[in-house]
Amino acid sequence: MAFDPSRLLNFEQPFDVALFDQMSNALSSGRLTQQEMASLNQVFQEFLNHPQSWTRVDTILTHAQTVHAKHFALGVLSDLITHRWNLLPKDQQKAIREFVVDNIIKLSGNEQLKAQQGTVLRKMNAVLCNILVQEWPHNWPTFIEEIVGASKNNESICENSIEILKFMSENIFDFSRGHMTNRKIQEMKGALTQQFFPVYQLCELVMTSSMKPTLLTQTLDALLRFLTWVPLGYIFETQVVNLLVTKFLPTPSFRKLAMQCLIEVATLETEGRDAAFASLFTMVMQQLYGIIPSCQGDRNLLNNIAQVYPTSDASDQAFIQNTANFLTAFFHKHLNAIENPECERALIDGHMYLIQISLVRDTELFKTCLEYWHSFAAGLYHEAPVQATGNILNLGPIQPTATPRRNVYANVLSFLRGVMITRMAKPEEILIADNGLGEIIRYHMKETDNLVTYKTMKETLVFLTHLDYDDTISIMLQKLEAQTMNEFSWNGLNTLCWAIGSISGAVSVEAEKRFLVTVVRDLLSLCEAKQGKDNKAVIASNIMYVVGQYPRFLKMHWRFLKTVINKLFEFMHELHPGVQDMATDTFLKIAKKCRRKFVTVAEEDARQSANPRPFVEDIIDQIGDHIMHLDDGQIQTFYQAVAETIASHNNPAMKEALTDRLMALPNATWAMIVQQATQNIGVLQNPDMMRKIITILRTNERVCTALHHAFTRQLGNIYMDMLHVYKVYSEEISNTFAQQGPGVAKYTTIKQMRSVKGETIKLIETYVEKANHIPAILNDILPPLLQLVLPDYRNGHPEARDHEVLSLLAGIVDKCKEQVVPLIPQMFDAVFECTLQMITSDFQVFPDHRVHFFRFIRAVVNNCFPALIALQPQHFKLVVDSIVWGLKHQMRNVSEMGLNTLYELFEHVEKANVANQFYQAYYLPLLTDILAAMTDTFHKSGFALQVRLLQHMFSVVVSGTLTAPLWDSSRHAGISDNVTFMQQYLAHTLGEAFPNLTAHQVQQFVIGVMQLCLKDAAQFKEHMRDFLVQIQEFGSGDANEQLFVLDNEATQAARAQNETQSLLQIPGMIGPHDSRRGNTLQEDMAD
């Protein structure tokens, strides 16, 4: 570089603007070497951080020739305003304010300058808005009056002023949460609302008088922001609505913004203005008739919009999207205002517009329509809901009731049923489908977004079915007939069958029987008639999906159930990708729902056979044939399905006998492996042998998942040999690591050996979780297990330690609780310190070990606290330090586990009456650690839990729960109680940590903490949020929303729970395999 950048840092000399320009140009040119770039960046950063850098801003903005230099100067000024404004004298604040305003007027008042330095002007506007956050309204009450007054005689200044007012509105009403204190937000909202009248007058003047397109666009854009909060009189008692509808909506260049403004009006909730909203809707519909042709209920014209949409330009597509947004918003909020004879034509036409738009192949547009259709159908349903019979199978008739509103919308609802069936989304169970490119593929990943759409569509179609199930079934059968005739298509058949499956349980038993028999018969005929593997795979997939969704019907029709299961066994030999997966998955789903039918002798079989026996015995006898072409994962699913049926048997002895027969093949293979290993231990290192062992262990684990405690006998058959195999692999891994180093962890054979060990531990953990006889676990399972596993873990190389061991220990403690207190020292000795050494070098390596390690600590804290109290002080401190290390993690699940564990530790300490000793030793370090985590920028998502901890800690001091002194009397003379000490300690600590805070701000925070810690948690949390805003440790943008993440999640969880309870009252709304339906025992009793 031909210049010396360090001269800029000499604030004793006059500022060299030319040098600053030269450096800015060089930095933005992209022609510097990496070293030169780093050097310049360092100088600029030092300049930015210098406390006097802001004094150069006026010189740079006045004399600099480059935009980059001016941008940097404004960044310096913005940083000053954000972080150090309150430390400046009042006269300097006023001078900066006037300087910024003068420069804005200078740039915005000259069209040529404005065009040349538009980005500088926008940045300066943002700086002014930062000043307003600090100064308005208390120190600058005349701002609104001044900016409006300066705008009336110059359209260029007016355009920029309206942009500033728009930014101001956004900063106060849209983006203030997490960036201003709650008190400041309320103060600014109130002031802007009270002072809005001159702003409205300015906007009205522009909209009625100006001919400048950019000014009109800017005004409409600003109005769009204002409409969300202005008093309603400014909307309904002025010219605003009329101007939007009659002047701007018909004009293509303003149509988008005009409709967006009308959408905001449509979302407003207010009482007593139904006539105004009805007038608005009628006016908008009159304009739409001239822009978008209505189908007038003609089915031949339904696809008009869908046909032209793909070839329309971006503005036309945006208008269709905005039209959908307006209609759905208006109907959501004000449907009752237009449900009258005077508005009936517009009402129906508006819904038909939405029907047409719903057929457009645009995912986001469809979601907009779908959200309304769901609400619309639900509202009509709840006018006269179907009463649940109380019978789990909903055997009673389901009769729809006619209401006046249902009659008005009858034609719309019929069209809507067709839309839902035609566009039904892919359910979770579907593993093969058309990928949209004319190919049938196997789906390996769940499409979460698609599943949300399916759930909403299913619920909508169930509501529509309850409103008129005859029409729903008629449309479905018509479409199915078309598929069997000459309109066969993969997508058409898929969406139809997905829709058929989605209404399971929504019609009466008799109607469902007639409907399903017809559907399955036609699908089987179609499968026979169609040629080609892809065609047959699609049809087979749909058959499996449909029958799997109707377990109620299958339970009541044994012969049909048996036929379906045998058809699934046939599909298990079909090698087309995905068919076997769907066959085994469907078998498992049916087995779970109809499981008693498999282990009892059906009446039909008893009449037709001299020696009838349960169907499960036939399945077990032919199991080798059924699984012949399945892969390992499919075989494991098959075994779990059969085990699910065995688990429903009432006779424990028969359960054991059936389990023995079920496991005969894997047990025979296991016995062969053990026998060969006994003769030659080296066979266990054969890759094929290891694969077989892994498969056997996984199969046992899946069976254990289904059988629960009934798996005890089977586990006993293989347990000691399984541990012996575990030991062989442990020794081999240890020897290999010792001889060749940690690099062997990547070897395939080592990975396979570790996989065997991991599957062994997983099987045992599953049994511990499912078993219900704790003494058997303590006496039979744990002694040989811990004797083998714990030394292997402690002595193993860090890269060879299995995280499954930590998970198992956590599971054992959670299951056996205080009964394993005597074993805790043995567990700690084996896994605690060695794991801690693995995870304390940083926050990233060994992520699985971290999660399970902190799970184990939490389990011990909650279930075996006496074992912790009995530890030596240095060991107990290590536990506390580990918990603190956990809460410092950036992995949210680990951090939250650490925070929860610490809170639970506090509770147990206080219950055990050792609070004084504990808090004397750990209170101040823990307080410092929690405050540090809360005020850095890496742990925002843990804010709610951090606040809960702090409130608890402060409350034990203020309430007097903690009586032992926290202070050192030799260093804090004159202190007589913990409250006084904490106030001084907190004020001193925060004052040193955040020098940008004034002493008054720190004092107010400390007083608030002490006053609010014993009160409502929400008030305390809000006080802490305001403090984080004041210290300005949190940047702008969506990241600050993480301060509210747990609040939002708690609200969503409560809403979901309430929604589930409501949906359970509606027949067919919760699918037969949905986990929200509850346990299977109730259904077994119903059988």
# chains A, B, ... in the order shown; residues from 1 in each chain; ligands from 1
>>> select_by_dssp(residues="segment 466-636 of chain A", states="helix (DSSP H, G or I)", output="PyMOL selection string")
chain A and resi 466-467+469-484+490-502+509-529+533-548+551-556+558-571+579-593+595-599+603-608+615-621+623-626+632-636
>>> residues_around(residues="segment 37-50 of chain A", least_positions_apart="2", cutoff="12 Å", atoms="only C-alpha atoms", output="PyMOL selection string")
chain A and resi 1+3-11+20+22-35+52-57+69+72-80+83-84
>>> residues_around(residues="segment 601-606 of chain A", least_positions_apart="4", cutoff="9 Å", atoms="only C-alpha atoms", output="list in words")
Trp558, Arg559, Lys597, Ala610, Asn611, Pro612, Arg613, Pro614 and Phe615 of chain A
>>> write_last_selection(atoms="C-alpha atoms", output="compact mmCIF listing (two decimals), in the first residue's frame")
# COMPACT_ATOMS: atom_id res chain seq x y z
CA TRP A 558 -62.30 -61.28 10.20
CA ARG A 559 -62.29 -62.89 6.76
CA LYS A 597 -57.81 -60.88 16.44
CA ALA A 610 -61.96 -79.42 13.32
CA ASN A 611 -58.78 -78.10 15.00
CA PRO A 612 -58.99 -74.33 14.81
CA ARG A 613 -56.11 -72.25 16.08
CA PRO A 614 -55.21 -68.55 16.24
CA PHE A 615 -53.97 -66.96 13.03
>>> closest_residue(among="A:Leu327, A:Val245, A:Leu205, A:Val1029", to="Ile263 of chain A", atoms="only C-alpha atoms")
A:Leu327
>>> residues_around(residues="segment 765-773 of chain A", least_positions_apart="2", cutoff="6 Å", atoms="only C-alpha atoms", output="list in words")
His708, His709, Lys762, Leu763, Pro775, Ala776 and Leu808 of chain A
>>> write_last_selection(atoms="N, CA, C and O atoms", output="tab-separated table (two decimals), in the first residue's frame")
chain	number	residue	atom	x	y	z
A	708	HIS	N	-42.62	-56.05	26.16
A	708	HIS	CA	-42.38	-55.48	27.49
A	708	HIS	C	-41.84	-56.57	28.43
A	708	HIS	O	-40.94	-57.31	28.08
A	709	HIS	N	-42.44	-56.72	29.61
A	709	HIS	CA	-41.88	-57.65	30.61
A	709	HIS	C	-41.96	-59.10	30.15
A	709	HIS	O	-41.19	-59.96	30.62
A	762	LYS	N	-28.28	-51.29	23.86
A	762	LYS	CA	-29.61	-50.77	23.51
A	762	LYS	C	-30.70	-51.78	23.85
A	762	LYS	O	-31.77	-51.42	24.36
A	763	LEU	N	-30.45	-53.06	23.59
A	763	LEU	CA	-31.41	-54.11	23.93
A	763	LEU	C	-31.65	-54.14	25.44
A	763	LEU	O	-32.80	-54.21	25.91
A	775	PRO	N	-37.02	-55.78	41.15
A	775	PRO	CA	-36.05	-56.72	41.77
A	775	PRO	C	-35.35	-57.60	40.75
A	775	PRO	O	-34.16	-57.91	40.91
A	776	ALA	N	-36.05	-58.01	39.68
A	776	ALA	CA	-35.40	-58.84	38.66
A	776	ALA	C	-34.28	-58.06	37.97
A	776	ALA	O	-33.22	-58.62	37.66
A	808	LEU	N	-27.60	-46.01	29.00
A	808	LEU	CA	-28.09	-47.14	29.80
A	808	LEU	C	-28.10	-46.80	31.28
A	808	LEU	O	-29.08	-47.07	31.99
>>> atom_distance(atom1="atom CA of Leu413 of chain A", atom2="atom CA of Leu380 of chain A")
10.2 Å
>>> atom_distance(atom1="atom CA of Cys1013 of chain A", atom2="atom CA of Thr937 of chain A")
24.2 Å
